[in-house]
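Novice: Structure: input.txt, compact mmCIF, C-alpha atoms and all ligand atoms.
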```txt
# COMPACT_ATOMS: atom_id res chain seq x y z
CA MET N 673 -1.50 -4.26 18.71
CA ALA N 674 -3.67 -5.43 15.84
CA GLU N 675 -2.26 -5.57 12.38
CA LYS N 676 -4.23 -3.72 9.75
CA ALA N 677 -4.17 -4.00 6.00
CA CYS N 678 -4.13 -1.18 3.49
CA LYS N 679 -7.25 -1.28 1.33
CA GLU N 680 -5.33 0.20 -1.57
CA CYS N 681 -2.29 -2.06 -1.87
CA ASN N 682 -2.97 -4.75 0.79
CA ARG N 683 0.19 -3.92 2.72
CA ILE N 684 0.09 -5.07 6.36
CA VAL N 685 0.54 -2.04 8.58
CA GLU N 686 1.77 -2.40 12.15
CA ASP N 687 1.82 0.35 14.77
CA SER N 688 0.71 3.00 12.31
CA ASP N 689 -2.45 4.52 10.87
CA GLU N 690 -0.94 5.11 7.50
CA CYS N 691 0.29 2.76 4.81
CA PRO N 692 4.06 3.18 4.39
CA VAL N 693 3.83 2.28 0.71
CA CYS N 694 1.02 4.40 -0.72
CA LYS N 695 0.39 6.78 2.21
CA ASN N 696 -3.22 5.71 2.30
CA ASN N 697 -4.91 5.87 5.71
CA ASP N 698 -7.88 3.73 4.75
CA LEU N 699 -6.85 0.59 6.64
CA SER N 700 -8.92 -2.48 7.32
CA THR N 701 -8.86 -4.85 10.28
CA SER N 702 -10.87 -7.36 8.23
CA TRP N 703 -8.29 -9.07 6.13
CA SER N 704 -7.26 -12.64 5.48
CA GLY N 705 -4.30 -14.50 4.13
CA LEU N 706 -0.75 -13.31 4.48
CA VAL N 707 2.13 -13.27 2.05
CA VAL N 708 5.64 -12.06 2.66
CA ILE N 709 7.35 -10.64 -0.38
CA TYR N 710 11.15 -10.59 -0.19
CA ASP N 711 11.93 -9.80 -3.78
CA SER N 712 9.08 -8.21 -5.69
CA GLU N 713 10.95 -8.43 -9.00
CA ASP N 714 11.28 -12.19 -8.94
CA SER N 715 7.97 -13.26 -7.46
CA GLU N 716 4.93 -14.55 -9.28
CA ILE N 717 2.69 -13.78 -6.36
CA ALA N 718 3.97 -10.22 -6.17
CA GLU N 719 3.17 -9.83 -9.83
CA LYS N 720 -0.28 -11.28 -9.34
CA LEU N 721 -1.02 -8.97 -6.43
CA GLU N 722 0.68 -6.03 -8.14
CA ILE N 723 3.13 -5.61 -5.29
CA LYS N 724 6.22 -3.54 -5.97
CA THR N 725 7.63 -3.07 -2.50
CA PRO N 726 8.89 -6.00 -0.39
CA GLY N 727 7.00 -6.60 2.86
CA LYS N 728 3.99 -8.34 4.34
CA TYR N 729 0.71 -8.25 2.44
CA ALA N 730 -2.81 -9.51 2.97
CA ILE N 731 -4.39 -11.66 0.27
CA ARG N 732 -7.80 -10.17 0.81
CA THR N 733 -9.07 -7.04 2.48
CA ARG N 734 -12.60 -5.93 3.13
ZN ZN X 801 -1.09 0.96 0.72
```
Would you give me this structure, written as C-alpha cells?
Specialist:
Amino acid sequence: MAEKACKECNRIVEDSDECPVCKNNDLSTSWSGLVVIYDSEDSEIAEKLEIKTPGKYAIRTR
C-alpha cells in the first residue's frame, strides 16, 4: 500500500485516508524526503518543520 503524506502537517499516513495528527483527509501521494521524529521536543528538524507529534514526516508535499 502506498504511503501518503498529509498536506497540512506532512505526516506520513499508512493504511488510512485521514491524518492521525490533524484529522485532515487531504493527503498527497506526491511527496519527497522522509524524516522520523522520535522526540519532537528535542529536535531541531521538528522545530523547523513545526512538528509536535513524533512519527514519520515528509519533507515536501505537493
Ligand atoms: Zn496532518
Novice: Write out as a PyMOL selection string each polymer residue (protein, DNA or RNA) that has an atom no more than 12 Å from ligand ZN 801 (chain X), with all atoms listed in the file counted.
Specialist: chain N and resi 676-685+688-700+722-725+727-730+733
Novice: If you take every atom of segment 699-712 of chain N that the file lists and fit an axis-aligned box around them with 5 Å extra on each side, what centre and edge lengths come out in Å to one decimal, as AutoDock Vina command-line options?
Specialist:
```
--center_x 0.5 --center_y -7.0 --center_z 2.3 --size_x 32.8 --size_y 25.1 --size_z 26.0
```
Novice: What's the separation between atom CA of Thr701 of chain N and atom CA of Arg734 of chain N, in Å to one decimal place?
Specialist: 8.1 Å
Novice: Report, in Å with one decimal, the straight-line distance from atom CA of Asp711 of chain N to atom CA of Pro726 of chain N.
Specialist: 5.9 Å
Novice: Which residue, N:Arg732, N:Asp687, N:Tyr710, N:Lys720, has the smallest gap to Glu675 of chain N when you use only C-alpha atoms?
Specialist: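 For Glu675 of chain N, the nearest of the candidates is N:Asp687.
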